[in-house]
Amino acid sequence: MKKPKFQCPTGMHDILSGDQEYYQKIFDVARNVVSFYGFQKIDTPIVEQAELFSKGVGLDTDIVEKEMYTLRTKGGDFLALRPEGTTPVVRAYLEHGMFSLPSPVKLWYFGPFFRYEHPQAGRYRQFHHMGLEVFKEKGSIMDVRIMQIFYNILRELKFKNIVININSIGDNKCRTQYKRLLINFLKSRQSGLCANCKKRSKKNPLRVLDCKEEKCQKIISNAPQFIDHLCEECHEHFKGVLEFLDEAGLPYNLDSYLVRGLDYYTKTVFEITEEVRGVSANDEDEERIQKKPLSLVGGGRYDNLVKLLGGKDTPACGAAAGIERIISVMKEKEIKVVSSYSPKVFLAQLGDSAKKKSLRLFEDFRKAKIVASESFNRDSLRDQLKTANKIGVDYTLILGQKEVLEGIIIVREMKTGKQQIVKFDKIIEVMKKKLKK
C-alpha cells in the first residue's frame, strides 16, 4: 500500500477508538478519586507566555533549554506550548485571586502538554498529564496526601506493585551549601561525565544527579547525599513525611539522588513506579526485569514558586501522572478496560417501513438507557444476525414489513436461538426485565 502523503508529526500520535477507552477510564477514575478529596477542576490554555516557563521552571532546565515549542504571534507575543502543568496553574491562581479562597486551595487538571524530545516508549512530543496542585498548606501531611491520592488512583486502575521513591532536596538555605559540596565532588570527576553533565556541573549541578547515562550513574552513586545536609527545618519536614507514609501504610524507597527535572521544587520530591516482581522464565523476562521501571507519577513541594511569579510567600505542593505511560503499562500487563459502548440489544430491520419504525424505537431505547446497536445499511437478515453475533449482544430484535403491520416485534435470544413475539408498545418494558436477569 502506498504510504500516505500526510502523516502525524514525529513524536505525536492519533488516539484511535481502542485507546480512547483507556483515556476515558483513567479520567473517570481520577475524577471520582480527587472529587472525594475535595479537588476542583481547572483548565488552562495550551499556550502561555514563554517567559512564564523560563522564570518558573528554570532557564537551565532541559525543558526550557531544549524542549519547549515556542512561537511568535503576528502581534509580537512570544508564546510557548505548555510543557508542564504546575506553572500555568500557579499563574491562574494569582491572576484570578484564588489566594483569597479558604485554605487549602486544591485544584486538578487533565490535558495535553508538549515537549520537543526524543520519542520513546511511553513518551511523546504531545502527551497528556493528570495533575494535582495544593496551595496554602505547608505541613508534611499534604505531601503524603498527594502521594496517597495517586497511589489510590493507580490501585483503582489495577496496578499492584506500586512503590513511591522519595527524597528531600531542601530549601534555598541548605541547598546552597549542598551545591558547593556537589560542585567540589564533580570537579575531579569531569572527565568521566557525559557531555551534557559537563555543562550541567557548571550551570546547574543538581541536574547531574538526574542523568540516566550509565557512566554518570556510577559517579553519582558516590556523590554526597542531600538528606545528610538538610537544615533543621527541612530535616523535620522530611521526617514528618516519612512518619506519615509509615502511618498510611504506603510502600516507599528512599532515593538519595532523586531531584526531578524542574528548578521550582523544594523539600519533598517523589516519583511513583510499579516494580516488576518475580523470577524470570527466559531471556526476554530477564531483560524486562532488569529494565528500570517507568516513572508513572512525579511531583513534590514548590514553596517558592508563587512568590517567584509575583505572589506572596505561599507553601504549595503537587504532582502529575503521565497518561501515556500509564496506558503503556496497562497494555503490557494486559489490564483490560471495558468499553463504555457495550450494546446488549441489536435491532435488525427488513424493508423501508421497518427502518422508519426503528428510528423512533431507537430513541425509546436511548431514553430507557438501553444500549442498542443496528446496521441500517444492510437488508439481509442473515448479514445482520452475523453482525449481532460479532458485537456480542444478548438479544436481537427483528422487525420486518409483516411485524410493522401487526404491531409486533420478534425477540431472539442469541445464545439459545429461542424467539418470542412481543407487542411493539411493550418492547421497552420487556427488554428492561430481560436485561435485569
# chains A, B, ... in the order shown; residues from 1 in each chain; ligands from 1

call {"tool": "select_by_dssp", "arguments": {"residues": "region 228-371 of chain A", "states": "helix (DSSP H, G or I)", "output": "number ranges by chain"}}
result
A: 228-229, 232-248, 283-290, 305-308, 323-332, 352-367

call {"tool": "write_last_selection", "arguments": {"atoms": "C-alpha atoms", "output": "PDB file, in the first residue's frame"}}
result
ATOM      1  CA  ASP A 228      22.750  14.292  55.070  1.00  0.00           C
ATOM      2  CA  HIS A 229      22.944  18.076  54.543  1.00  0.00           C
ATOM      3  CA  GLU A 232      16.820  21.630  60.774  1.00  0.00           C
ATOM      4  CA  GLU A 233      13.516  22.837  59.245  1.00  0.00           C
ATOM      5  CA  CYS A 234      13.853  20.668  56.127  1.00  0.00           C
ATOM      6  CA  HIS A 235      15.011  17.703  58.206  1.00  0.00           C
ATOM      7  CA  GLU A 236      11.917  17.948  60.423  1.00  0.00           C
ATOM      8  CA  HIS A 237       9.642  18.318  57.401  1.00  0.00           C
ATOM      9  CA  PHE A 238      11.094  15.215  55.751  1.00  0.00           C
ATOM     10  CA  LYS A 239      10.952  13.263  58.994  1.00  0.00           C
ATOM     11  CA  GLY A 240       7.255  14.136  59.171  1.00  0.00           C
ATOM     12  CA  VAL A 241       6.714  12.942  55.592  1.00  0.00           C
ATOM     13  CA  LEU A 242       8.290   9.559  56.346  1.00  0.00           C
ATOM     14  CA  GLU A 243       6.259   9.166  59.549  1.00  0.00           C
ATOM     15  CA  PHE A 244       3.008   9.909  57.705  1.00  0.00           C
ATOM     16  CA  LEU A 245       3.974   7.455  54.948  1.00  0.00           C
ATOM     17  CA  ASP A 246       4.518   4.776  57.585  1.00  0.00           C
ATOM     18  CA  GLU A 247       1.206   5.590  59.254  1.00  0.00           C
ATOM     19  CA  ALA A 248      -0.655   5.466  55.912  1.00  0.00           C
ATOM     20  CA  ASP A 283      15.946 -14.025  28.482  1.00  0.00           C
ATOM     21  CA  GLU A 284      13.122 -11.686  27.488  1.00  0.00           C
ATOM     22  CA  ASP A 285      11.782 -11.682  31.047  1.00  0.00           C
ATOM     23  CA  GLU A 286      15.319 -11.156  32.370  1.00  0.00           C
ATOM     24  CA  GLU A 287      15.740  -8.051  30.222  1.00  0.00           C
ATOM     25  CA  ARG A 288      12.342  -6.733  31.300  1.00  0.00           C
ATOM     26  CA  ILE A 289      13.090  -7.249  34.999  1.00  0.00           C
ATOM     27  CA  GLN A 290      16.479  -5.530  34.792  1.00  0.00           C
ATOM     28  CA  LEU A 305       7.080  29.311  43.043  1.00  0.00           C
ATOM     29  CA  VAL A 306       4.079  31.517  43.869  1.00  0.00           C
ATOM     30  CA  LYS A 307       6.355  34.282  45.163  1.00  0.00           C
ATOM     31  CA  LEU A 308       8.720  33.836  42.192  1.00  0.00           C
ATOM     32  CA  ILE A 323      -1.264   9.178  30.986  1.00  0.00           C
ATOM     33  CA  GLU A 324       0.518   7.585  28.000  1.00  0.00           C
ATOM     34  CA  ARG A 325       2.970   5.883  30.347  1.00  0.00           C
ATOM     35  CA  ILE A 326       0.150   4.513  32.475  1.00  0.00           C
ATOM     36  CA  ILE A 327      -1.607   3.210  29.352  1.00  0.00           C
ATOM     37  CA  SER A 328       1.576   1.545  28.053  1.00  0.00           C
ATOM     38  CA  VAL A 329       1.996  -0.343  31.348  1.00  0.00           C
ATOM     39  CA  MET A 330      -1.706  -1.274  31.423  1.00  0.00           C
ATOM     40  CA  LYS A 331      -1.353  -2.784  27.952  1.00  0.00           C
ATOM     41  CA  GLU A 332       1.893  -4.560  28.841  1.00  0.00           C
ATOM     42  CA  ASP A 352     -38.222   0.714   4.429  1.00  0.00           C
ATOM     43  CA  SER A 353     -41.265   0.659   6.725  1.00  0.00           C
ATOM     44  CA  ALA A 354     -39.299  -1.293   9.354  1.00  0.00           C
ATOM     45  CA  LYS A 355     -36.384   1.166   9.089  1.00  0.00           C
ATOM     46  CA  LYS A 356     -38.749   4.108   9.629  1.00  0.00           C
ATOM     47  CA  LYS A 357     -40.314   2.403  12.656  1.00  0.00           C
ATOM     48  CA  SER A 358     -36.839   1.633  14.025  1.00  0.00           C
ATOM     49  CA  LEU A 359     -35.837   5.304  14.144  1.00  0.00           C
ATOM     50  CA  ARG A 360     -38.453   6.000  16.802  1.00  0.00           C
ATOM     51  CA  LEU A 361     -37.705   2.751  18.621  1.00  0.00           C
ATOM     52  CA  PHE A 362     -34.014   3.691  18.871  1.00  0.00           C
ATOM     53  CA  GLU A 363     -34.926   6.935  20.624  1.00  0.00           C
ATOM     54  CA  ASP A 364     -37.126   4.973  23.047  1.00  0.00           C
ATOM     55  CA  PHE A 365     -34.130   2.755  23.850  1.00  0.00           C
ATOM     56  CA  ARG A 366     -31.930   5.813  24.430  1.00  0.00           C
ATOM     57  CA  LYS A 367     -34.453   7.342  26.865  1.00  0.00           C
TER      58      LYS A 367
END

call {"tool": "select_by_dssp", "arguments": {"residues": "region 58-237 of chain A", "states": "strand (DSSP E or B)", "output": "ChimeraX atom specification"}}
result
/A:70-72,78-81,105-114,120,123,126-135,162-168

call {"tool": "residues_around", "arguments": {"residues": "region 317-319 of chain A", "least_positions_apart": "5", "cutoff": "9 Å", "atoms": "only C-alpha atoms", "output": "JSON list (two decimals) with C-alpha atoms, in the first residue's frame"}}
result
[["chain", "number", "residue", "atom", "x", "y", "z"],
["A", 86, "THR", "CA", 2.15, 23.41, 37.57],
["A", 130, "MET", "CA", -3.36, 14.45, 35.05],
["A", 131, "GLY", "CA", -2.17, 16.69, 37.88],
["A", 132, "LEU", "CA", -2.97, 17.90, 41.39],
["A", 133, "GLU", "CA", -1.89, 21.23, 42.91],
["A", 134, "VAL", "CA", -2.45, 22.34, 46.53],
["A", 135, "PHE", "CA", -1.81, 25.89, 47.80],
["A", 137, "GLU", "CA", -0.69, 24.11, 53.05],
["A", 138, "LYS", "CA", 2.83, 23.71, 54.47],
["A", 142, "MET", "CA", -0.23, 17.26, 52.48],
["A", 143, "ASP", "CA", 2.87, 15.91, 50.70],
["A", 146, "ILE", "CA", -0.84, 13.87, 47.27],
["A", 147, "MET", "CA", 1.10, 10.60, 47.12],
["A", 150, "PHE", "CA", -2.15, 8.99, 43.17],
["A", 265, "TYR", "CA", 10.96, 22.05, 43.68],
["A", 268, "THR", "CA", 9.97, 16.75, 49.20],
["A", 270, "PHE", "CA", 8.96, 11.87, 44.69],
["A", 271, "GLU", "CA", 8.19, 9.52, 41.83],
["A", 297, "VAL", "CA", 3.80, 9.92, 38.63],
["A", 298, "GLY", "CA", 6.21, 12.66, 39.66],
["A", 299, "GLY", "CA", 5.93, 15.65, 41.93],
["A", 300, "GLY", "CA", 6.88, 17.37, 45.14],
["A", 301, "ARG", "CA", 6.75, 20.62, 47.07],
["A", 302, "TYR", "CA", 7.34, 24.05, 45.48],
["A", 303, "ASP", "CA", 7.12, 26.61, 48.30]]

call {"tool": "atom_distance", "arguments": {"atom1": "CA of Gly400 (chain A)", "atom2": "CA of Gly351 (chain A)"}}
result
6.4 Å

call {"tool": "residues_around", "arguments": {"residues": "Ala80 (chain A)", "least_positions_apart": "4", "cutoff": "10 Å", "atoms": "only C-alpha atoms", "output": "PyMOL selection string"}}
result
chain A and resi 46-53+64+68-72+114

call {"tool": "write_last_selection", "arguments": {"atoms": "N, CA and C atoms", "output": "compact mmCIF listing (two decimals), in the first residue's frame"}}
result
# COMPACT_ATOMS: atom_id res chain seq x y z
N ILE A 46 -3.53 25.91 26.29
CA ILE A 46 -2.36 25.10 25.92
C ILE A 46 -1.18 25.98 25.53
N VAL A 47 -1.40 27.30 25.36
CA VAL A 47 -0.29 28.23 25.12
C VAL A 47 -0.23 29.26 26.25
N GLU A 48 0.97 29.58 26.66
CA GLU A 48 1.21 30.60 27.69
C GLU A 48 2.36 31.47 27.23
N GLN A 49 2.60 32.55 27.93
CA GLN A 49 3.78 33.36 27.66
C GLN A 49 5.02 32.51 27.93
N ALA A 50 5.96 32.51 27.01
CA ALA A 50 7.16 31.67 27.15
C ALA A 50 7.94 32.02 28.42
N GLU A 51 7.91 33.31 28.79
CA GLU A 51 8.66 33.76 29.98
C GLU A 51 8.13 33.10 31.25
N LEU A 52 6.86 32.73 31.27
CA LEU A 52 6.29 32.06 32.45
C LEU A 52 7.09 30.81 32.78
N PHE A 53 7.48 30.05 31.76
CA PHE A 53 8.20 28.79 31.99
C PHE A 53 9.69 29.02 32.22
N VAL A 64 13.27 24.07 29.30
CA VAL A 64 13.35 25.42 28.74
C VAL A 64 14.45 25.52 27.69
N MET A 68 11.00 23.17 24.73
CA MET A 68 9.78 23.97 24.56
C MET A 68 9.50 24.26 23.09
N TYR A 69 8.23 24.14 22.72
CA TYR A 69 7.76 24.61 21.42
C TYR A 69 7.36 26.08 21.59
N THR A 70 8.07 26.97 20.93
CA THR A 70 7.78 28.41 21.07
C THR A 70 7.34 28.99 19.72
N LEU A 71 6.62 30.10 19.80
CA LEU A 71 6.16 30.78 18.58
C LEU A 71 6.00 32.27 18.85
N ARG A 72 6.13 33.04 17.79
CA ARG A 72 5.94 34.49 17.86
C ARG A 72 4.65 34.81 17.10
N PHE A 114 3.25 19.53 25.77
CA PHE A 114 4.12 19.41 24.61
C PHE A 114 5.58 19.61 24.99

call {"tool": "closest_residue", "arguments": {"among": "A:Ala320, A:Ala368, A:Ile391, A:Val430", "to": "Leu296 (chain A)", "atoms": "only C-alpha atoms"}}
result
A:Ala320

call {"tool": "closest_residue", "arguments": {"among": "A:Lys173, A:Arg123, A:Arg180, A:Lys218", "to": "Leu294 (chain A)", "atoms": "only C-alpha atoms"}}
result
A:Arg123

call {"tool": "atom_distance", "arguments": {"atom1": "CA of Ser373 (chain A)", "atom2": "CA of Asp28 (chain A)"}}
result
24.1 Å

call {"tool": "residues_around", "arguments": {"residues": "Thr10 (chain A)", "least_positions_apart": "5", "cutoff": "10 Å", "atoms": "only C-alpha atoms", "output": "VMD selection string"}}
result
chain A and resid 116 118 to 119 124 to 126

call {"tool": "residues_around", "arguments": {"residues": "Ile409 (chain A)", "least_positions_apart": "3", "cutoff": "9 Å", "atoms": "only C-alpha atoms", "output": "ChimeraX atom specification"}}
result
/A:397-400,403-404,406,420-424,427

call {"tool": "write_last_selection", "arguments": {"atoms": "C-alpha atoms", "output": "mmCIF file, in the first residue's frame"}}
result
data_model
loop_
_atom_site.group_PDB
_atom_site.id
_atom_site.type_symbol
_atom_site.label_atom_id
_atom_site.label_comp_id
_atom_site.auth_asym_id
_atom_site.auth_seq_id
_atom_site.Cartn_x
_atom_site.Cartn_y
_atom_site.Cartn_z
ATOM 1 C CA LEU A 397 -34.969 -7.659 17.796
ATOM 2 C CA ILE A 398 -36.305 -8.499 14.342
ATOM 3 C CA LEU A 399 -38.697 -6.110 12.639
ATOM 4 C CA GLY A 400 -39.980 -6.654 9.101
ATOM 5 C CA GLU A 403 -44.332 -7.195 12.026
ATOM 6 C CA VAL A 404 -44.853 -3.482 11.341
ATOM 7 C CA GLU A 406 -49.249 -6.363 13.016
ATOM 8 C CA GLN A 420 -40.556 -14.601 21.400
ATOM 9 C CA ILE A 421 -43.193 -12.331 19.869
ATOM 10 C CA VAL A 422 -43.768 -9.089 21.799
ATOM 11 C CA LYS A 423 -46.221 -6.253 21.140
ATOM 12 C CA PHE A 424 -44.400 -3.201 19.807
ATOM 13 C CA ILE A 427 -40.912 -3.936 23.941
#

call {"tool": "closest_residue", "arguments": {"among": "A:Lys3, A:Arg82, A:Lys390, A:Lys136", "to": "Gly111 (chain A)", "atoms": "only C-alpha atoms"}}
result
A:Arg82

call {"tool": "residues_around", "arguments": {"residues": "Ser221 (chain A)", "least_positions_apart": "6", "cutoff": "12 Å", "atoms": "only C-alpha atoms", "output": "ChimeraX atom specification"}}
result
/A:185-186,208-212,214-215,255-258

call {"tool": "atom_distance", "arguments": {"atom1": "CA of Leu182 (chain A)", "atom2": "CA of Leu230 (chain A)"}}
result
13.8 Å

call {"tool": "decode", "arguments": {"residues": "region 315-399 of chain A", "atoms": "C-alpha atoms", "output": "PDB file, in the first residue's frame"}}
result
ATOM      1  CA  PRO A 315       3.542  26.941  50.526  1.00  0.00           C
ATOM      2  CA  ALA A 316       2.414  24.570  47.775  1.00  0.00           C
ATOM      3  CA  CYS A 317       2.832  21.027  46.530  1.00  0.00           C
ATOM      4  CA  GLY A 318       1.592  18.876  43.679  1.00  0.00           C
ATOM      5  CA  ALA A 319       2.257  16.074  41.216  1.00  0.00           C
ATOM      6  CA  ALA A 320       1.307  14.849  37.761  1.00  0.00           C
ATOM      7  CA  ALA A 321       0.746  11.433  36.211  1.00  0.00           C
ATOM      8  CA  GLY A 322       1.836  10.614  32.653  1.00  0.00           C
ATOM      9  CA  ILE A 323      -1.264   9.178  30.986  1.00  0.00           C
ATOM     10  CA  GLU A 324       0.518   7.585  28.000  1.00  0.00           C
ATOM     11  CA  ARG A 325       2.970   5.883  30.347  1.00  0.00           C
ATOM     12  CA  ILE A 326       0.150   4.513  32.475  1.00  0.00           C
ATOM     13  CA  ILE A 327      -1.607   3.210  29.352  1.00  0.00           C
ATOM     14  CA  SER A 328       1.576   1.545  28.053  1.00  0.00           C
ATOM     15  CA  VAL A 329       1.996  -0.343  31.348  1.00  0.00           C
ATOM     16  CA  MET A 330      -1.706  -1.274  31.423  1.00  0.00           C
ATOM     17  CA  LYS A 331      -1.353  -2.784  27.952  1.00  0.00           C
ATOM     18  CA  GLU A 332       1.893  -4.560  28.841  1.00  0.00           C
ATOM     19  CA  LYS A 333       0.222  -6.113  31.874  1.00  0.00           C
ATOM     20  CA  GLU A 334      -2.945  -6.836  29.881  1.00  0.00           C
ATOM     21  CA  ILE A 335      -5.125  -4.774  32.215  1.00  0.00           C
ATOM     22  CA  LYS A 336      -8.404  -4.758  30.332  1.00  0.00           C
ATOM     23  CA  VAL A 337     -10.650  -1.721  30.002  1.00  0.00           C
ATOM     24  CA  VAL A 338     -14.347  -2.346  29.435  1.00  0.00           C
ATOM     25  CA  SER A 339     -15.736  -0.281  26.587  1.00  0.00           C
ATOM     26  CA  SER A 340     -18.277   2.354  27.590  1.00  0.00           C
ATOM     27  CA  TYR A 341     -20.170   1.339  24.445  1.00  0.00           C
ATOM     28  CA  SER A 342     -21.395  -2.168  25.196  1.00  0.00           C
ATOM     29  CA  PRO A 343     -24.710  -2.847  23.429  1.00  0.00           C
ATOM     30  CA  LYS A 344     -26.931  -5.634  24.765  1.00  0.00           C
ATOM     31  CA  VAL A 345     -29.547  -5.356  22.033  1.00  0.00           C
ATOM     32  CA  PHE A 346     -29.301  -5.377  18.233  1.00  0.00           C
ATOM     33  CA  LEU A 347     -32.158  -4.073  16.099  1.00  0.00           C
ATOM     34  CA  ALA A 348     -32.486  -5.914  12.768  1.00  0.00           C
ATOM     35  CA  GLN A 349     -34.936  -4.371  10.289  1.00  0.00           C
ATOM     36  CA  LEU A 350     -36.126  -5.555   6.871  1.00  0.00           C
ATOM     37  CA  GLY A 351     -37.587  -3.028   4.434  1.00  0.00           C
ATOM     38  CA  ASP A 352     -38.222   0.714   4.429  1.00  0.00           C
ATOM     39  CA  SER A 353     -41.265   0.659   6.725  1.00  0.00           C
ATOM     40  CA  ALA A 354     -39.299  -1.293   9.354  1.00  0.00           C
ATOM     41  CA  LYS A 355     -36.384   1.166   9.089  1.00  0.00           C
ATOM     42  CA  LYS A 356     -38.749   4.108   9.629  1.00  0.00           C
ATOM     43  CA  LYS A 357     -40.314   2.403  12.656  1.00  0.00           C
ATOM     44  CA  SER A 358     -36.839   1.633  14.025  1.00  0.00           C
ATOM     45  CA  LEU A 359     -35.837   5.304  14.144  1.00  0.00           C
ATOM     46  CA  ARG A 360     -38.453   6.000  16.802  1.00  0.00           C
ATOM     47  CA  LEU A 361     -37.705   2.751  18.621  1.00  0.00           C
ATOM     48  CA  PHE A 362     -34.014   3.691  18.871  1.00  0.00           C
ATOM     49  CA  GLU A 363     -34.926   6.935  20.624  1.00  0.00           C
ATOM     50  CA  ASP A 364     -37.126   4.973  23.047  1.00  0.00           C
ATOM     51  CA  PHE A 365     -34.130   2.755  23.850  1.00  0.00           C
ATOM     52  CA  ARG A 366     -31.930   5.813  24.430  1.00  0.00           C
ATOM     53  CA  LYS A 367     -34.453   7.342  26.865  1.00  0.00           C
ATOM     54  CA  ALA A 368     -34.739   3.988  28.668  1.00  0.00           C
ATOM     55  CA  LYS A 369     -30.884   3.823  28.876  1.00  0.00           C
ATOM     56  CA  ILE A 370     -30.757   0.538  26.979  1.00  0.00           C
ATOM     57  CA  VAL A 371     -27.643   0.488  24.792  1.00  0.00           C
ATOM     58  CA  ALA A 372     -28.617  -0.781  21.342  1.00  0.00           C
ATOM     59  CA  SER A 373     -26.873  -1.264  18.014  1.00  0.00           C
ATOM     60  CA  GLU A 374     -28.048  -1.578  14.395  1.00  0.00           C
ATOM     61  CA  SER A 375     -26.962  -1.904  10.787  1.00  0.00           C
ATOM     62  CA  PHE A 376     -29.361   0.269   8.796  1.00  0.00           C
ATOM     63  CA  ASN A 377     -27.338  -0.114   5.600  1.00  0.00           C
ATOM     64  CA  ARG A 378     -27.933  -3.888   5.399  1.00  0.00           C
ATOM     65  CA  ASP A 379     -31.135  -5.505   4.163  1.00  0.00           C
ATOM     66  CA  SER A 380     -30.196  -9.159   4.625  1.00  0.00           C
ATOM     67  CA  LEU A 381     -31.344 -10.690   7.933  1.00  0.00           C
ATOM     68  CA  ARG A 382     -28.503 -13.192   7.745  1.00  0.00           C
ATOM     69  CA  ASP A 383     -25.897 -10.413   7.471  1.00  0.00           C
ATOM     70  CA  GLN A 384     -27.489  -8.512  10.344  1.00  0.00           C
ATOM     71  CA  LEU A 385     -27.503 -11.589  12.597  1.00  0.00           C
ATOM     72  CA  LYS A 386     -23.799 -12.089  11.794  1.00  0.00           C
ATOM     73  CA  THR A 387     -23.137  -8.501  12.864  1.00  0.00           C
ATOM     74  CA  ALA A 388     -25.126  -9.018  16.081  1.00  0.00           C
ATOM     75  CA  ASN A 389     -23.060 -12.128  16.853  1.00  0.00           C
ATOM     76  CA  LYS A 390     -19.826 -10.250  16.216  1.00  0.00           C
ATOM     77  CA  ILE A 391     -20.834  -7.430  18.564  1.00  0.00           C
ATOM     78  CA  GLY A 392     -21.797  -9.986  21.220  1.00  0.00           C
ATOM     79  CA  VAL A 393     -25.298  -8.757  22.086  1.00  0.00           C
ATOM     80  CA  ASP A 394     -27.673 -10.782  24.238  1.00  0.00           C
ATOM     81  CA  TYR A 395     -30.776 -10.173  22.121  1.00  0.00           C
ATOM     82  CA  THR A 396     -31.645  -9.319  18.526  1.00  0.00           C
ATOM     83  CA  LEU A 397     -34.969  -7.659  17.796  1.00  0.00           C
ATOM     84  CA  ILE A 398     -36.305  -8.499  14.342  1.00  0.00           C
ATOM     85  CA  LEU A 399     -38.697  -6.110  12.639  1.00  0.00           C
TER      86      LEU A 399
END
